[in-house]
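Engineer: Handing over final-v7.cif, mmCIF, C-alpha atoms.
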```
data_my_file
loop_
_atom_site.label_atom_id
_atom_site.label_comp_id
_atom_site.auth_asym_id
_atom_site.auth_seq_id
_atom_site.Cartn_x
_atom_site.Cartn_y
_atom_site.Cartn_z
CA MET A 1 -119.50 60.48 -157.62
CA ALA A 2 -122.01 59.13 -160.14
CA GLY A 3 -125.22 61.14 -160.32
CA HIS A 4 -123.81 64.07 -158.32
CA ALA A 5 -121.36 65.56 -160.83
CA GLN A 6 -123.16 68.91 -161.01
CA LYS A 7 -124.03 69.21 -157.33
CA LEU A 8 -121.96 70.34 -154.36
CA ARG A 9 -121.06 67.32 -152.27
CA VAL A 10 -121.58 68.02 -148.58
CA ALA A 11 -120.11 66.34 -145.49
CA ILE A 12 -121.55 66.91 -142.01
CA VAL A 13 -119.01 66.48 -139.20
CA GLY A 14 -120.76 66.02 -135.87
CA LEU A 15 -124.22 64.52 -135.45
CA GLY A 16 -125.50 66.21 -132.30
CA GLY A 17 -128.98 67.70 -132.00
CA ILE A 18 -128.20 70.78 -134.09
CA HIS A 19 -127.42 68.73 -137.19
CA ASP A 20 -131.09 68.12 -138.02
CA GLY A 21 -131.56 71.82 -138.78
CA HIS A 22 -128.53 71.74 -141.05
CA VAL A 23 -129.83 68.69 -142.91
CA ARG A 24 -133.08 70.55 -143.46
CA GLY A 25 -131.14 73.42 -145.01
CA TYR A 26 -129.31 71.14 -147.44
CA ARG A 27 -132.61 69.53 -148.40
CA GLN A 28 -134.00 72.99 -149.15
CA ALA A 29 -131.11 73.37 -151.59
CA ASP A 30 -131.23 69.85 -153.01
CA ASP A 31 -131.26 71.27 -156.53
CA ILE A 32 -127.60 72.24 -156.08
CA CYS A 33 -126.22 70.03 -153.30
CA VAL A 34 -126.32 66.54 -151.84
CA ILE A 35 -125.16 65.16 -148.49
CA THR A 36 -122.62 62.50 -149.40
CA ALA A 37 -120.89 61.95 -146.04
CA VAL A 38 -121.54 62.14 -142.31
CA CYS A 39 -118.97 61.83 -139.54
CA ASP A 40 -119.25 61.13 -135.83
CA LEU A 41 -117.03 59.44 -133.24
CA ASP A 42 -120.00 57.19 -132.50
CA GLY A 43 -119.71 54.78 -135.42
CA ALA A 44 -123.15 53.31 -134.91
CA ARG A 45 -124.75 56.74 -134.98
CA ALA A 46 -122.81 57.67 -138.12
CA ALA A 47 -123.87 54.44 -139.82
CA ARG A 48 -127.55 54.95 -138.96
CA ARG A 49 -127.65 58.53 -140.16
CA ALA A 50 -125.68 57.71 -143.29
CA ALA A 51 -128.19 54.99 -144.17
CA GLU A 52 -131.06 57.44 -143.72
CA LEU A 53 -129.39 60.06 -145.91
CA GLY A 54 -127.86 57.77 -148.51
CA ALA A 55 -124.41 58.97 -147.47
CA THR A 56 -121.07 57.42 -146.53
CA PRO A 57 -120.33 57.15 -142.76
CA TYR A 58 -117.01 58.20 -141.24
CA THR A 59 -115.62 58.27 -137.71
CA ASP A 60 -112.44 60.28 -138.41
CA TYR A 61 -112.89 63.81 -139.73
CA LEU A 62 -109.45 63.72 -141.36
CA ASP A 63 -110.75 61.07 -143.74
CA VAL A 64 -113.61 63.42 -144.57
CA VAL A 65 -111.60 66.55 -145.28
CA GLY A 66 -109.04 64.53 -147.21
CA SER A 67 -111.61 63.00 -149.54
CA ASP A 68 -111.74 64.10 -153.18
CA ASP A 69 -115.46 63.29 -153.21
CA ILE A 70 -116.39 66.19 -150.91
CA ASP A 71 -116.68 69.89 -151.78
CA LEU A 72 -118.14 71.42 -148.62
CA VAL A 73 -117.67 70.52 -144.95
CA ASP A 74 -120.13 71.51 -142.22
CA VAL A 75 -118.53 71.46 -138.74
CA LEU A 76 -120.95 70.83 -135.84
CA LEU A 77 -118.64 69.90 -132.96
CA PRO A 78 -117.91 71.00 -129.38
CA HIS A 79 -116.49 74.52 -129.26
CA ASN A 80 -112.95 73.47 -128.39
CA LEU A 81 -112.68 71.52 -131.66
CA HIS A 82 -113.86 74.19 -134.09
CA PHE A 83 -110.51 75.78 -134.87
CA GLN A 84 -108.56 72.61 -135.56
CA VAL A 85 -111.23 70.91 -137.67
CA VAL A 86 -112.09 74.03 -139.68
CA ARG A 87 -108.42 74.77 -140.29
CA ASP A 88 -107.82 71.24 -141.56
CA SER A 89 -110.89 71.46 -143.77
CA LEU A 90 -109.76 74.75 -145.34
CA GLU A 91 -106.21 73.49 -145.79
CA HIS A 92 -107.63 70.56 -147.76
CA GLY A 93 -109.46 72.98 -150.06
CA LYS A 94 -113.01 72.54 -148.76
CA HIS A 95 -115.61 75.27 -148.49
CA THR A 96 -116.48 75.27 -144.81
CA LEU A 97 -119.40 76.24 -142.59
CA VAL A 98 -119.05 76.07 -138.81
CA GLU A 99 -121.57 76.40 -136.00
CA LYS A 100 -120.99 79.30 -133.64
CA PRO A 101 -118.72 80.23 -132.12
CA MET A 102 -116.46 80.44 -135.17
CA ALA A 103 -113.57 79.52 -132.86
CA ALA A 104 -112.98 79.56 -129.13
CA PHE A 105 -110.72 82.63 -129.36
CA SER A 106 -110.71 85.70 -131.58
CA GLN A 107 -107.14 85.18 -132.81
CA ASP A 108 -108.14 81.72 -134.03
CA ALA A 109 -111.18 83.12 -135.83
CA ARG A 110 -108.95 85.69 -137.52
CA GLN A 111 -106.59 82.95 -138.69
CA LEU A 112 -109.44 80.93 -140.19
CA ILE A 113 -110.89 83.91 -142.07
CA ASP A 114 -107.48 84.77 -143.48
CA LEU A 115 -106.79 81.16 -144.47
CA ALA A 116 -110.09 80.90 -146.35
CA ALA A 117 -109.35 84.15 -148.19
CA GLU A 118 -105.87 82.95 -149.15
CA ARG A 119 -107.30 79.71 -150.54
CA GLY A 120 -110.20 81.38 -152.33
CA LEU A 121 -112.74 79.36 -150.31
CA HIS A 122 -116.14 80.19 -148.91
CA PHE A 123 -116.15 80.18 -145.12
CA THR A 124 -118.40 81.64 -142.45
CA VAL A 125 -120.16 80.94 -139.17
CA ALA A 126 -123.69 79.50 -139.06
CA GLU A 127 -125.32 82.53 -137.42
CA ASN A 128 -129.04 81.84 -137.67
CA THR A 129 -130.00 85.22 -136.20
CA ARG A 130 -129.65 86.76 -139.65
CA PHE A 131 -132.47 84.51 -140.94
CA VAL A 132 -135.10 84.81 -138.18
CA ALA A 133 -138.28 86.20 -139.78
CA ALA A 134 -139.01 88.58 -136.90
CA TYR A 135 -135.53 90.08 -137.00
CA LEU A 136 -135.65 90.54 -140.77
CA ARG A 137 -138.87 92.51 -140.35
CA ALA A 138 -137.32 94.47 -137.48
CA ALA A 139 -134.46 95.48 -139.77
CA GLU A 140 -136.98 96.71 -142.38
CA ILE A 141 -138.96 98.67 -139.80
CA ILE A 142 -135.86 100.36 -138.42
CA GLU A 143 -134.51 101.10 -141.89
CA ALA A 144 -137.84 102.74 -142.80
CA GLY A 145 -137.57 105.02 -139.75
CA VAL A 146 -140.86 103.84 -138.26
CA ILE A 147 -139.60 103.81 -134.66
CA GLY A 148 -137.02 106.55 -135.14
CA ALA A 149 -133.52 106.15 -133.77
CA PRO A 150 -133.07 103.28 -131.25
CA ARG A 151 -132.32 104.50 -127.72
CA LEU A 152 -132.38 101.20 -125.87
CA VAL A 153 -132.02 97.61 -127.12
CA ARG A 154 -132.67 94.66 -124.81
CA THR A 155 -132.21 90.98 -125.67
CA LEU A 156 -132.93 87.80 -123.76
CA ILE A 157 -131.99 84.23 -124.68
CA CYS A 158 -133.43 81.66 -122.30
CA GLY A 159 -133.95 77.93 -122.09
CA SER A 160 -132.75 74.88 -120.21
CA GLU A 161 -129.40 73.13 -120.43
CA VAL A 162 -129.82 71.77 -116.91
CA GLU A 163 -129.78 68.12 -117.97
CA ARG A 164 -126.58 68.40 -120.00
CA LEU A 165 -124.84 70.75 -117.56
CA SER A 166 -125.58 68.30 -114.74
CA ARG A 167 -123.71 65.46 -116.45
CA PRO A 168 -119.92 65.90 -116.13
CA GLU A 169 -119.27 63.23 -118.77
CA LEU A 170 -120.81 65.50 -121.44
CA TRP A 171 -118.80 68.30 -123.06
CA LYS A 172 -121.41 71.00 -122.54
CA GLY A 173 -120.68 71.64 -118.87
CA ARG A 174 -116.92 71.11 -119.04
CA ARG A 175 -114.55 73.97 -119.70
CA ASP A 176 -112.33 71.74 -121.84
CA GLY A 177 -115.29 71.17 -124.17
CA SER A 178 -117.39 74.34 -124.07
CA VAL A 179 -114.46 76.66 -123.28
CA GLY A 180 -117.01 79.16 -121.99
CA GLY A 181 -120.63 79.21 -120.88
CA ALA A 182 -123.62 81.45 -121.49
CA ILE A 183 -121.60 84.39 -122.82
CA LEU A 184 -119.69 82.29 -125.35
CA ASP A 185 -122.68 80.15 -126.32
CA ALA A 186 -125.46 82.74 -126.52
CA GLY A 187 -123.57 86.02 -126.67
CA PRO A 188 -122.65 85.81 -130.38
CA HIS A 189 -126.35 85.70 -131.30
CA SER A 190 -127.29 88.81 -129.33
CA PHE A 191 -124.14 90.75 -130.19
CA TYR A 192 -124.72 90.07 -133.89
CA LEU A 193 -128.38 91.10 -133.60
CA ILE A 194 -127.68 94.34 -131.73
CA GLU A 195 -124.94 95.50 -134.07
CA TRP A 196 -126.96 94.53 -137.15
CA LEU A 197 -130.04 96.47 -136.05
CA ALA A 198 -128.68 99.33 -133.95
CA GLY A 199 -124.95 99.80 -134.59
CA PRO A 200 -121.56 98.89 -133.12
CA ILE A 201 -121.11 98.20 -129.42
CA SER A 202 -118.55 100.63 -127.98
CA GLU A 203 -118.40 99.72 -124.29
CA LEU A 204 -119.77 97.06 -121.97
CA CYS A 205 -119.79 95.55 -118.50
CA ALA A 206 -120.77 92.02 -117.56
CA SER A 207 -121.68 89.74 -114.70
CA THR A 208 -122.13 85.96 -114.52
CA ALA A 209 -123.46 83.28 -112.19
CA LYS A 210 -123.35 79.49 -111.98
CA LEU A 211 -126.46 77.79 -110.59
CA ILE A 212 -125.63 74.21 -111.62
CA GLU A 213 -122.99 73.26 -109.05
CA VAL A 214 -121.40 70.36 -110.90
CA SER A 215 -120.93 72.40 -114.08
CA GLU A 216 -117.67 74.25 -114.76
CA ILE A 217 -119.20 77.06 -116.85
CA GLU A 218 -121.49 80.00 -116.17
CA ASP A 219 -125.15 79.29 -116.91
CA TYR A 220 -126.31 82.88 -116.42
CA ALA A 221 -124.91 86.18 -117.65
CA VAL A 222 -125.91 89.76 -118.23
CA VAL A 223 -123.94 92.08 -120.51
CA ALA A 224 -124.80 95.76 -120.74
CA GLY A 225 -123.31 98.92 -122.16
CA ARG A 226 -123.42 101.59 -124.82
CA LEU A 227 -123.38 101.64 -128.59
CA LEU A 228 -121.17 103.92 -130.66
CA ASN A 229 -124.20 106.12 -131.45
CA GLY A 230 -124.83 106.68 -127.73
CA SER A 231 -127.79 104.34 -127.26
CA CYS A 232 -127.82 101.67 -124.55
CA PHE A 233 -128.15 97.89 -124.60
CA THR A 234 -128.66 94.98 -122.25
CA SER A 235 -128.29 91.29 -123.11
CA GLU A 236 -129.30 88.57 -120.67
CA PHE A 237 -128.69 84.83 -121.02
CA THR A 238 -129.91 81.98 -118.86
CA PHE A 239 -129.51 78.23 -119.35
CA THR A 240 -131.66 77.21 -116.36
CA ALA A 241 -135.09 78.43 -117.46
CA ALA A 242 -137.82 75.78 -117.52
CA ILE A 243 -139.26 77.01 -120.80
CA PRO A 244 -138.93 76.18 -124.50
CA TRP A 245 -135.87 77.88 -125.98
CA ASN A 246 -136.82 81.47 -126.57
CA GLU A 247 -135.41 84.79 -127.71
CA ARG A 248 -136.82 88.18 -126.84
CA LEU A 249 -135.90 91.51 -128.40
CA GLU A 250 -137.04 94.94 -127.26
CA ILE A 251 -136.11 98.05 -129.24
CA TYR A 252 -137.18 101.42 -127.81
CA GLY A 253 -136.80 104.24 -130.33
CA THR A 254 -137.45 107.96 -130.45
CA GLU A 255 -140.76 107.51 -132.32
CA GLY A 256 -141.93 104.03 -131.32
CA SER A 257 -140.93 100.63 -130.05
CA LEU A 258 -140.79 97.05 -131.22
CA ILE A 259 -141.24 94.00 -128.99
CA ILE A 260 -140.41 90.52 -130.28
CA ASP A 261 -140.94 87.34 -128.28
CA GLN A 262 -140.96 83.99 -130.09
CA LEU A 263 -143.29 82.38 -127.52
CA CYS A 264 -145.95 85.10 -127.74
CA ASP A 265 -148.78 85.27 -130.25
CA PRO A 266 -148.32 87.53 -132.13
CA PRO A 267 -144.54 87.21 -131.82
CA ALA A 268 -143.80 90.77 -132.99
CA VAL A 269 -145.69 93.90 -131.95
CA LEU A 270 -145.07 97.47 -133.07
CA PHE A 271 -145.89 100.44 -130.83
CA ARG A 272 -146.10 103.85 -132.49
CA GLY A 273 -145.54 106.10 -129.49
CA SER A 274 -146.62 106.14 -125.85
CA GLU A 275 -150.36 106.15 -126.62
CA SER A 276 -150.21 103.23 -129.03
CA ALA A 277 -152.08 100.01 -128.26
CA GLY A 278 -149.63 98.05 -130.37
CA GLU A 279 -150.14 96.29 -133.68
CA PRO A 280 -148.96 92.87 -134.90
CA VAL A 281 -146.10 93.00 -137.37
CA ALA A 282 -147.12 91.40 -140.66
CA GLY A 283 -144.98 88.65 -142.11
CA VAL A 284 -143.89 87.15 -138.78
CA PRO A 285 -145.51 83.73 -138.23
CA TYR A 286 -146.23 82.39 -134.76
CA SER A 287 -144.13 79.24 -134.68
CA PRO A 288 -142.71 78.66 -131.18
CA ARG A 289 -141.43 75.16 -131.96
CA ASP A 290 -140.00 75.83 -135.40
CA TRP A 291 -138.76 79.43 -135.65
CA LYS A 292 -135.22 78.52 -134.63
CA ARG A 293 -134.87 75.38 -136.76
CA ARG A 294 -136.29 77.22 -139.75
CA SER A 295 -133.75 80.03 -139.39
CA ILE A 296 -130.91 77.52 -139.02
CA ALA A 297 -132.01 75.76 -142.20
CA ASP A 298 -132.35 79.04 -144.10
CA GLY A 299 -128.83 80.03 -143.07
CA VAL A 300 -127.40 76.75 -144.28
CA GLU A 301 -129.25 77.07 -147.57
CA ASP A 302 -127.90 80.60 -148.06
CA PHE A 303 -124.32 79.42 -147.57
CA VAL A 304 -124.67 76.59 -150.09
CA ARG A 305 -126.22 78.91 -152.65
CA ALA A 306 -123.47 81.47 -152.01
CA VAL A 307 -120.87 78.84 -152.85
CA GLN A 308 -122.75 77.76 -155.98
CA GLU A 309 -123.38 81.34 -157.11
CA ARG A 310 -119.86 82.48 -156.18
CA ARG A 311 -121.15 85.32 -154.06
CA SER A 312 -120.60 86.31 -150.45
CA PRO A 313 -122.87 84.62 -147.88
CA ALA A 314 -125.43 86.76 -146.06
CA VAL A 315 -123.44 86.31 -142.84
CA ASP A 316 -120.08 88.02 -143.28
CA PRO A 317 -117.33 85.86 -141.74
CA GLU A 318 -116.01 89.03 -140.12
CA SER A 319 -119.06 88.89 -137.86
CA GLY A 320 -117.72 85.66 -136.38
CA PHE A 321 -114.48 87.40 -135.50
CA ARG A 322 -116.35 90.44 -134.16
CA ALA A 323 -118.53 88.21 -131.97
CA MET A 324 -115.46 86.63 -130.41
CA THR A 325 -113.85 89.99 -129.66
CA LEU A 326 -117.03 91.04 -127.84
CA VAL A 327 -117.22 87.71 -126.00
CA GLU A 328 -113.64 88.11 -124.82
CA THR A 329 -114.30 91.72 -123.80
CA ALA A 330 -117.32 90.57 -121.79
CA TYR A 331 -115.31 87.91 -119.98
CA SER A 332 -112.58 90.45 -119.22
CA ALA A 333 -115.21 92.82 -117.85
CA THR A 334 -116.64 90.03 -115.71
CA ALA A 335 -113.22 89.26 -114.24
CA ALA A 336 -112.70 92.94 -113.43
CA MET A 337 -115.98 93.35 -111.57
CA LYS A 338 -116.10 92.94 -107.79
CA PRO A 339 -119.34 91.70 -106.19
CA THR A 340 -121.05 94.27 -103.95
CA LEU A 341 -123.11 93.15 -100.99
CA ALA A 342 -126.73 94.17 -101.39
CA VAL A 343 -128.24 95.71 -98.25
CA GLY A 344 -131.91 95.35 -97.37
CA ALA A 345 -134.13 97.88 -95.63
CA GLY A 346 -133.14 96.46 -92.26
CA GLY A 347 -129.45 96.96 -92.93
CA ARG A 348 -128.72 93.23 -93.37
CA GLY A 349 -127.02 91.75 -96.39
CA VAL A 350 -129.45 89.85 -98.63
#
```
Could I get this file's structure written as structure tokens?
Structural biologist:
Amino acid sequence: MAGHAQKLRVAIVGLGGIHDGHVRGYRQADDICVITAVCDLDGARAARRAAELGATPYTDYLDVVGSDDIDLVDVLLPHNLHFQVVRDSLEHGKHTLVEKPMAAFSQDARQLIDLAAERGLHFTVAENTRFVAAYLRAAEIIEAGVIGAPRLVRTLICGSEVERLSRPELWKGRRDGSVGGAILDAGPHSFYLIEWLAGPISELCASTAKLIEVSEIEDYAVVAGRLLNGSCFTSEFTFTAAIPWNERLEIYGTEGSLIIDQLCDPPAVLFRGSESAGEPVAGVPYSPRDWKRRSIADGVEDFVRAVQERRSPAVDPESGFRAMTLVETAYSATAAMKPTLAVGAGGRGV
């Protein structure tokens, strides 16, 4: 394509809300890449966005992955479509980035990783957790031994999907679109974060609930267990919280603790023992409306630069496979659990 001979030519497949963060990432790397195509089943939407980006609109992803004018494909589609579209992209020789989950099932994720390796292509999952400023500082603090060895790690991901889950015509609340609910959608983020900062998860139990009646998926879940090093963890996810999307991380170590909450100012506070008043962690900006989009963009930029520099991306594709094995383990644990009737002080079930 004239004028773009030295730049990676990018196609975005799927123009839902998440795609804006990805566009931002490609713009951050506009010295080495250019968005040349966008694809969406809604032709009018594709045409509008293409005009804004100076790209070519498509409505069939097969035309995108089959084009000789595209080097890299970014897949931003409902979960049930990830495996097929990514597989087709890799088989057509395109470097490929996919929003989490990498695939709906771990065996599919394994197949995609192996296919990319066989073809000599860059491929990974767009896991923005690795690029959140507060978590990067947490990793440095833990590595420096400031809080000692972690004993307990707690995560919370909360926000509202009530509007989308209440509309059966949308994919989000349908099992044939989402495949799973809060565990599949939010779990990969927390599982990645915990294993990155504190070590491998060795055992877990899980419980779920569904508060939106018309939805087919769980909108609440809690997953808890132990890490290989003996420490404990708890991850909680809720999609019915009337609050801006937020993530909270609590790490309690042998020498101190670290509390991160994206909606608090300061968002990261370090406690050096039980008598500590707490101190703000430097290098973590208070940005409740932009922290997530910024991390998404930084992750996209890293992947593009990894392709251009012929290096591995910061997010190892194996983490996408690992996330899915933990998601599946959590669902199996949920199925195995039997509800127990809680009894109040008066002896009545509550």
Engineer: Which residue out of A:Leu41, A:Ile147, A:Leu184, A:Ile260 has the minimum interatomic distance to His79 of chain A when all atoms listed in the file are used?
Structural biologist: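 Among A:Leu41, A:Ile147, A:Leu184, A:Ile260, it is A:Leu184 that comes nearest to His79 of chain A.
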Engineer: Go ahead and compute the interatomic distance for atom CA of Asn128 of chain A and atom CA of Ser295 of chain A, in Å to one decimal.
Structural biologist: 5.3 Å
Engineer: Choose the residue, out of A:Ile212, A:Ala133, A:Met337, A:Ile217, that has the smallest atom-to-atom separation from Gly283 of chain A; count all atoms listed in the file.
Structural biologist: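 The answer is A:Ala133, which sits nearest to Gly283 of chain A.
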Engineer: Restricting the calculation to only C-alpha atoms: of A:Ser231, A:Thr240, A:Thr325, A:Gln262, which residue gets closest to Pro188 of chain A?
Structural biologist: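 For Pro188 of chain A, the nearest of the given residues is A:Thr325.
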Engineer: Set up a box along x, y and z of the file covering all listed atoms of segment 114-119 of chain A, add 6 Å on every one of the six sides, and write the centre and edge lengths in Å to one decimal, as AutoDock Vina command-line options.
Structural biologist:
```
--center_x -108.0 --center_y 82.2 --center_z -147.0 --size_x 16.2 --size_y 17.1 --size_z 19.1
```
Engineer: Exactly which residues make up the result of the PyMOL selection byres ((chain A and resi 244-255) around 9) on this file, given as an mmCIF file with C-alpha atoms, keeping the file's coordinate frame?
Structural biologist:
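Output file result32.cif follows:
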```
data_model
loop_
_atom_site.group_PDB
_atom_site.id
_atom_site.type_symbol
_atom_site.label_atom_id
_atom_site.label_comp_id
_atom_site.auth_asym_id
_atom_site.auth_seq_id
_atom_site.Cartn_x
_atom_site.Cartn_y
_atom_site.Cartn_z
ATOM 1 C CA TYR A 135 -135.530 90.080 -137.000
ATOM 2 C CA GLY A 145 -137.570 105.020 -139.750
ATOM 3 C CA VAL A 146 -140.860 103.840 -138.260
ATOM 4 C CA ILE A 147 -139.600 103.810 -134.660
ATOM 5 C CA GLY A 148 -137.020 106.550 -135.140
ATOM 6 C CA ALA A 149 -133.520 106.150 -133.770
ATOM 7 C CA PRO A 150 -133.070 103.280 -131.250
ATOM 8 C CA ARG A 151 -132.320 104.500 -127.720
ATOM 9 C CA LEU A 152 -132.380 101.200 -125.870
ATOM 10 C CA VAL A 153 -132.020 97.610 -127.120
ATOM 11 C CA ARG A 154 -132.670 94.660 -124.810
ATOM 12 C CA THR A 155 -132.210 90.980 -125.670
ATOM 13 C CA LEU A 156 -132.930 87.800 -123.760
ATOM 14 C CA ILE A 157 -131.990 84.230 -124.680
ATOM 15 C CA CYS A 158 -133.430 81.660 -122.300
ATOM 16 C CA GLY A 159 -133.950 77.930 -122.090
ATOM 17 C CA SER A 160 -132.750 74.880 -120.210
ATOM 18 C CA ALA A 198 -128.680 99.330 -133.950
ATOM 19 C CA ALA A 241 -135.090 78.430 -117.460
ATOM 20 C CA ALA A 242 -137.820 75.780 -117.520
ATOM 21 C CA ILE A 243 -139.260 77.010 -120.800
ATOM 22 C CA GLY A 256 -141.930 104.030 -131.320
ATOM 23 C CA SER A 257 -140.930 100.630 -130.050
ATOM 24 C CA LEU A 258 -140.790 97.050 -131.220
ATOM 25 C CA ILE A 259 -141.240 94.000 -128.990
ATOM 26 C CA ILE A 260 -140.410 90.520 -130.280
ATOM 27 C CA ASP A 261 -140.940 87.340 -128.280
ATOM 28 C CA GLN A 262 -140.960 83.990 -130.090
ATOM 29 C CA LEU A 263 -143.290 82.380 -127.520
ATOM 30 C CA PHE A 271 -145.890 100.440 -130.830
ATOM 31 C CA ARG A 272 -146.100 103.850 -132.490
ATOM 32 C CA GLY A 273 -145.540 106.100 -129.490
ATOM 33 C CA SER A 274 -146.620 106.140 -125.850
ATOM 34 C CA PRO A 288 -142.710 78.660 -131.180
ATOM 35 C CA ARG A 289 -141.430 75.160 -131.960
ATOM 36 C CA LYS A 292 -135.220 78.520 -134.630
#
```
Engineer: Output segment 54-75 of chain A as an mmCIF file, keeping the file's coordinate frame, making sure N, CA and C atoms are there.
Structural biologist:
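Just written: part.cif:
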```cif
data_model
loop_
_atom_site.group_PDB
_atom_site.id
_atom_site.type_symbol
_atom_site.label_atom_id
_atom_site.label_comp_id
_atom_site.auth_asym_id
_atom_site.auth_seq_id
_atom_site.Cartn_x
_atom_site.Cartn_y
_atom_site.Cartn_z
ATOM 1 N N GLY A 54 -128.509 58.291 -147.311
ATOM 2 C CA GLY A 54 -127.860 57.770 -148.510
ATOM 3 C C GLY A 54 -126.445 58.270 -148.640
ATOM 4 N N ALA A 55 -125.764 58.415 -147.499
ATOM 5 C CA ALA A 55 -124.410 58.970 -147.470
ATOM 6 C C ALA A 55 -123.412 57.910 -147.003
ATOM 7 N N THR A 56 -122.134 58.291 -147.008
ATOM 8 C CA THR A 56 -121.070 57.420 -146.530
ATOM 9 C C THR A 56 -120.725 57.784 -145.091
ATOM 10 N N PRO A 57 -120.668 56.832 -144.160
ATOM 11 C CA PRO A 57 -120.330 57.150 -142.760
ATOM 12 C C PRO A 57 -118.825 57.184 -142.524
ATOM 13 N N TYR A 58 -118.404 58.095 -141.658
ATOM 14 C CA TYR A 58 -117.010 58.200 -141.240
ATOM 15 C C TYR A 58 -116.970 58.369 -139.719
ATOM 16 N N THR A 59 -115.843 58.003 -139.134
ATOM 17 C CA THR A 59 -115.620 58.270 -137.710
ATOM 18 C C THR A 59 -114.404 59.158 -137.480
ATOM 19 N N ASP A 60 -113.628 59.427 -138.514
ATOM 20 C CA ASP A 60 -112.440 60.280 -138.410
ATOM 21 C C ASP A 60 -112.593 61.436 -139.391
ATOM 22 N N TYR A 61 -112.650 62.657 -138.865
ATOM 23 C CA TYR A 61 -112.890 63.810 -139.730
ATOM 24 C C TYR A 61 -111.757 64.028 -140.735
ATOM 25 N N LEU A 62 -110.555 63.560 -140.418
ATOM 26 C CA LEU A 62 -109.450 63.720 -141.360
ATOM 27 C C LEU A 62 -109.692 62.937 -142.649
ATOM 28 N N ASP A 63 -110.388 61.820 -142.535
ATOM 29 C CA ASP A 63 -110.750 61.070 -143.740
ATOM 30 C C ASP A 63 -111.778 61.856 -144.564
ATOM 31 N N VAL A 64 -112.598 62.624 -143.881
ATOM 32 C CA VAL A 64 -113.610 63.420 -144.570
ATOM 33 C C VAL A 64 -112.962 64.568 -145.334
ATOM 34 N N VAL A 65 -112.176 65.375 -144.631
ATOM 35 C CA VAL A 65 -111.600 66.550 -145.280
ATOM 36 C C VAL A 65 -110.568 66.177 -146.339
ATOM 37 N N GLY A 66 -110.025 64.978 -146.234
ATOM 38 C CA GLY A 66 -109.040 64.530 -147.210
ATOM 39 C C GLY A 66 -109.642 63.855 -148.427
ATOM 40 N N SER A 67 -110.963 63.681 -148.436
ATOM 41 C CA SER A 67 -111.610 63.000 -149.540
ATOM 42 C C SER A 67 -111.781 63.906 -150.761
ATOM 43 N N ASP A 68 -111.530 63.363 -151.936
ATOM 44 C CA ASP A 68 -111.740 64.100 -153.180
ATOM 45 C C ASP A 68 -113.200 64.125 -153.598
ATOM 46 N N ASP A 69 -114.037 63.378 -152.869
ATOM 47 C CA ASP A 69 -115.460 63.290 -153.210
ATOM 48 C C ASP A 69 -116.307 64.271 -152.404
ATOM 49 N N ILE A 70 -115.667 65.233 -151.742
ATOM 50 C CA ILE A 70 -116.390 66.190 -150.910
ATOM 51 C C ILE A 70 -115.958 67.603 -151.275
ATOM 52 N N ASP A 71 -116.951 68.502 -151.420
ATOM 53 C CA ASP A 71 -116.680 69.890 -151.780
ATOM 54 C C ASP A 71 -116.853 70.846 -150.599
ATOM 55 N N LEU A 72 -117.768 70.509 -149.704
ATOM 56 C CA LEU A 72 -118.140 71.420 -148.620
ATOM 57 C C LEU A 72 -118.245 70.643 -147.314
ATOM 58 N N VAL A 73 -117.645 71.170 -146.258
ATOM 59 C CA VAL A 73 -117.670 70.520 -144.950
ATOM 60 C C VAL A 73 -118.417 71.412 -143.958
ATOM 61 N N ASP A 74 -119.323 70.826 -143.217
ATOM 62 C CA ASP A 74 -120.130 71.510 -142.220
ATOM 63 C C ASP A 74 -119.708 70.994 -140.843
ATOM 64 N N VAL A 75 -119.119 71.865 -140.014
ATOM 65 C CA VAL A 75 -118.530 71.460 -138.740
ATOM 66 C C VAL A 75 -119.484 71.764 -137.587
#
```
